[in-house]
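Peer 1: My questions will all concern the structure given below.
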Amino acid sequence: MTISVNMNIFEKKRMKKICVVSGGSGGLGLAIAAFLLKSGKDVLILGRNGEKLNRAAKRLGRISPDAHVSTLICNIGIETDVRRTGEFLEEHKIVTEYLFNNAGRGLFAEATTATSEMIDDVFEANLKGMILLTSEILRITPEKEELTIVNIMSTSALLGRDHETIYCASKWGARGYTEALRTELKGRKRNIIAVYPGGMKTDFYDVAEQDRDISEFMDPKEVAEKIVNAVLVKDKLLVTDITISRKK
Ligand SMILES: NC(=O)c1ccc[n+]([C@@H]2O[C@H](COP(=O)([O-])OP(=O)(O)OC[C@H]3O[C@@H](n4cnc5c(N)ncnc54)[C@H](OP(=O)(O)O)[C@@H]3O)[C@@H](O)[C@H]2O)c1
């Protein structure tokens, strides 16, 4: 697995603080990246597919002439990819101000059909990748710098759903990790925000090979706006847990 870097933005502008968005090439991650850019933040998006990342960067670059977006091919479930992402940030003296652990994938299947491959596929980004990327960003971020980590999970991390046993297990695992991390980092300049969204109209359901009517599901742009507004607010109070669902 190789990592490829679009360094144009970093070279043009001596960027110091950025927001890292895993899975920023599509769906909710792309919408989060767009709102961050609109809020004046510089953004680095991570994903596995270079073409998808380039298309996303072009779209994001049109947001405003001041929009600074860059891309890295990085499978967050592969330790060497994640290490190289960290090395790249260190080498360019870039500090992560906000980490959005958003990359993930779905799977809908009967409990009797679970295979090792299915489990690895779902756990790769949803849990293992979240842990690896968080660990690396924490390791390279100086203690004196404030870092906010936003873990995008799902309402499937709060309930058990039929035909979602593996997906729920990965998201409940991510929730356990998030809670333990919060306890471990208490009193330091690290903020941990847990996000539990309900169903959104994204490619998630293509990947999950689900023939499901998602026409009534939430627009990822509206969800992203709510998340970014809550996360970026600068005052003495911190929003710690966000659940976003459709109005019934
Ligand atoms: N859509 C929903 O209904 C829904 C509901 C609740 C929670 N969520 C959660 O919201 C998050 C975003 O989902 P979405 O709906 O926006 O899905 P999506 O449209 O399928 O986008 C997923 C993104 O993650 C990236 N990705 C997947 N595996 C990766 C890996 N191992 N390393 C790096 N990037 C990876 C994908 O890009 P590449 O394929 O190019 O790597 C893509 O950019 C996920 O954590 C999902 O579980 C979604």
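By convention in this document, the chains of the structure tokens carry letters A, B, ... by their order, each chain's residues are numbered from 1, and ligands are numbered from 1 in the order they are shown.
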Between chain A and ligand 1, at 8 Å or less, what are the per-residue closest atom pairs and their distances in Å? Count only C-alpha atoms and all ligand atoms, order by chain and rising residue number, and return it as a tab-separated table.

Peer 2:
```
residue	atom	partner	partner_atom_place_in_ligand_line	distance
A:Ser22	CA	ligand 1	34 (N)	5.6
A:Gly23	CA	ligand 1	24 (O)	3.4
A:Gly24	CA	ligand 1	43 (O)	4.9
A:Ser25	CA	ligand 1	43 (O)	4.0
A:Gly26	CA	ligand 1	43 (O)	4.2
A:Gly27	CA	ligand 1	16 (O)	3.4
A:Leu28	CA	ligand 1	16 (O)	3.8
A:Gly29	CA	ligand 1	16 (O)	5.6
A:Leu30	CA	ligand 1	43 (O)	7.2
A:Leu46	CA	ligand 1	33 (C)	5.9
A:Gly47	CA	ligand 1	34 (N)	3.7
A:Arg48	CA	ligand 1	41 (O)	3.6
A:Asn49	CA	ligand 1	40 (O)	3.9
A:Gly50	CA	ligand 1	40 (O)	7.2
A:Lys52	CA	ligand 1	40 (O)	5.9
A:Leu53	CA	ligand 1	40 (O)	6.9
A:Ile73	CA	ligand 1	33 (C)	7.8
A:Cys74	CA	ligand 1	33 (C)	5.7
A:Asn75	CA	ligand 1	32 (N)	3.6
A:Ile76	CA	ligand 1	32 (N)	4.2
A:Gly77	CA	ligand 1	31 (N)	5.1
A:Ile78	CA	ligand 1	31 (N)	7.7
A:Asn101	CA	ligand 1	45 (O)	7.5
A:Asn102	CA	ligand 1	45 (O)	4.7
A:Ala103	CA	ligand 1	24 (O)	3.6
A:Gly104	CA	ligand 1	45 (O)	3.6
A:Arg105	CA	ligand 1	47 (O)	5.1
A:Gly106	CA	ligand 1	47 (O)	6.0
A:Glu124	CA	ligand 1	31 (N)	5.6
A:Ala125	CA	ligand 1	31 (N)	4.2
A:Asn126	CA	ligand 1	45 (O)	6.0
A:Gly129	CA	ligand 1	31 (N)	6.5
A:Ile152	CA	ligand 1	45 (O)	5.6
A:Met153	CA	ligand 1	7 (C)	5.5
A:Ser154	CA	ligand 1	7 (C)	3.9
A:Thr155	CA	ligand 1	6 (C)	6.3
A:Ser156	CA	ligand 1	6 (C)	7.2
A:Lys171	CA	ligand 1	47 (O)	7.6
A:Tyr196	CA	ligand 1	7 (C)	6.7
A:Pro197	CA	ligand 1	6 (C)	4.7
A:Gly198	CA	ligand 1	6 (C)	4.7
A:Gly199	CA	ligand 1	3 (O)	3.3
A:Met200	CA	ligand 1	3 (O)	3.8
A:Lys201	CA	ligand 1	1 (N)	5.8
A:Thr202	CA	ligand 1	19 (O)	4.5
A:Asp203	CA	ligand 1	19 (O)	4.1
A:Phe204	CA	ligand 1	20 (O)	3.5
A:Tyr205	CA	ligand 1	1 (N)	6.8
A:Asp206	CA	ligand 1	20 (O)	7.5
A:Val207	CA	ligand 1	20 (O)	6.2
A:Phe217	CA	ligand 1	3 (O)	7.3
A:Met218	CA	ligand 1	3 (O)	7.9
A:Pro220	CA	ligand 1	16 (O)	7.3
```

Peer 1: Enumerate the residues of segment 22-247 of chain A with a DSSP assignment of alpha helix (DSSP H), computed from the backbone, and present them as a PyMOL selection string.

Peer 2: chain A and resi 27-38+50-61+79-91+116-123+130-140+165-184+204-207+220-232

Peer 1: Which residue out of A:Phe123, A:Phe88, A:Tyr98, A:Phe108 has the minimum interatomic distance to Cys19 of chain A when only C-alpha atoms are used?

Peer 2: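 Selected residue with least distance to Cys19 of chain A: A:Tyr98.
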
Peer 1: Which one is closest to Val20 of chain A: A:Arg59, A:Asn54, A:Leu133, A:Thr80? Count only C-alpha atoms.

Peer 2: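 Between A:Arg59, A:Asn54, A:Leu133, A:Thr80, the residue approaching Val20 of chain A most closely is A:Leu133.
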
Peer 1: To one decimal place, how far is atom CA of Leu60 of chain A from atom CA of Ala34 of chain A in Å?

Peer 2: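 Atom CA of Ala34 of chain A lies at a distance of 6.0 Å from atom CA of Leu60 of chain A.
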
Peer 1: Excluding segment 225-229 of chain A and residues on its chain fewer than 6 positions from it, collect all residues at most 8 Å away from it, counting only C-alpha atoms, and give them as a PyMOL selection string.

Peer 2: chain A and resi 31-32+35-36+195+242

Peer 1: Pick the closest to Glu117 of chain A from A:Ile166, A:Ala56, A:Ile18, A:Val69: which is it, counting only C-alpha atoms?

Peer 2: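 Of A:Ile166, A:Ala56, A:Ile18, A:Val69, the one nearest Glu117 of chain A is A:Ile166, counting only C-alpha atoms.
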
Peer 1: With DSSP run on the backbone, what are the strand (DSSP E) residues within segment 39-221 of chain A? I'd like them as a PyMOL selection string.

Peer 2: chain A and resi 43-47+69-73+95-101+147-152+190-197

Peer 1: What's around Asp162 of chain A at 9 Å? Count only C-alpha atoms, leave out sequence neighbours fewer than 6 positions away in its own chain, and write the answer as a list in words.

Peer 2: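 After dropping sequence-adjacent residues, the list is Phe108, Ala109, Glu110 and Ala111 of chain A.
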
Peer 1: Would you put the residues from that selection into a file with C-alpha atoms, as an mmCIF file, in the first residue's frame?

Peer 2:
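As a result, part-v9.cif now contains:
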```cif
data_model
loop_
_atom_site.group_PDB
_atom_site.id
_atom_site.type_symbol
_atom_site.label_atom_id
_atom_site.label_comp_id
_atom_site.auth_asym_id
_atom_site.auth_seq_id
_atom_site.Cartn_x
_atom_site.Cartn_y
_atom_site.Cartn_z
ATOM 1 C CA PHE A 108 -26.101 -5.618 6.530
ATOM 2 C CA ALA A 109 -26.217 -9.388 6.858
ATOM 3 C CA GLU A 110 -27.786 -12.184 8.867
ATOM 4 C CA ALA A 111 -25.840 -13.180 11.967
#
```

Peer 1: Compile the contact shell of Val95 of chain A as a PyMOL selection string: residues with an atom at most 12 Å away, counting only C-alpha atoms, same-chain residues fewer than 2 positions apart removed.

Peer 2: chain A and resi 14-20+42-44+86-93+97-99+137-148

Peer 1: What's the separation between atom CA of Ala194 of chain A and atom CA of Asp120 of chain A, in Å to one decimal place?

Peer 2: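 Straight-line distance from atom CA of Ala194 of chain A to atom CA of Asp120 of chain A works out to 23.1 Å.
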
Peer 1: What does the distance between atom CA of Ile193 of chain A and atom CA of Thr240 of chain A come to in Å, to one decimal place?

Peer 2: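 According to the coordinates, atom CA of Ile193 of chain A and atom CA of Thr240 of chain A are separated by 4.6 Å.
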
Peer 1: Find, counting only C-alpha atoms, the residue in A:Leu107, A:Leu72, A:Ala180, A:Val21 that gets nearest to Ile192 of chain A.

Peer 2: A:Ala180

Peer 1: Can you work out which one of A:Met130, A:Val150, A:Ala114, A:Leu181 has the shortest atom-to-atom distance to Thr165 of chain A, counting only C-alpha atoms?

Peer 2: A:Ala114
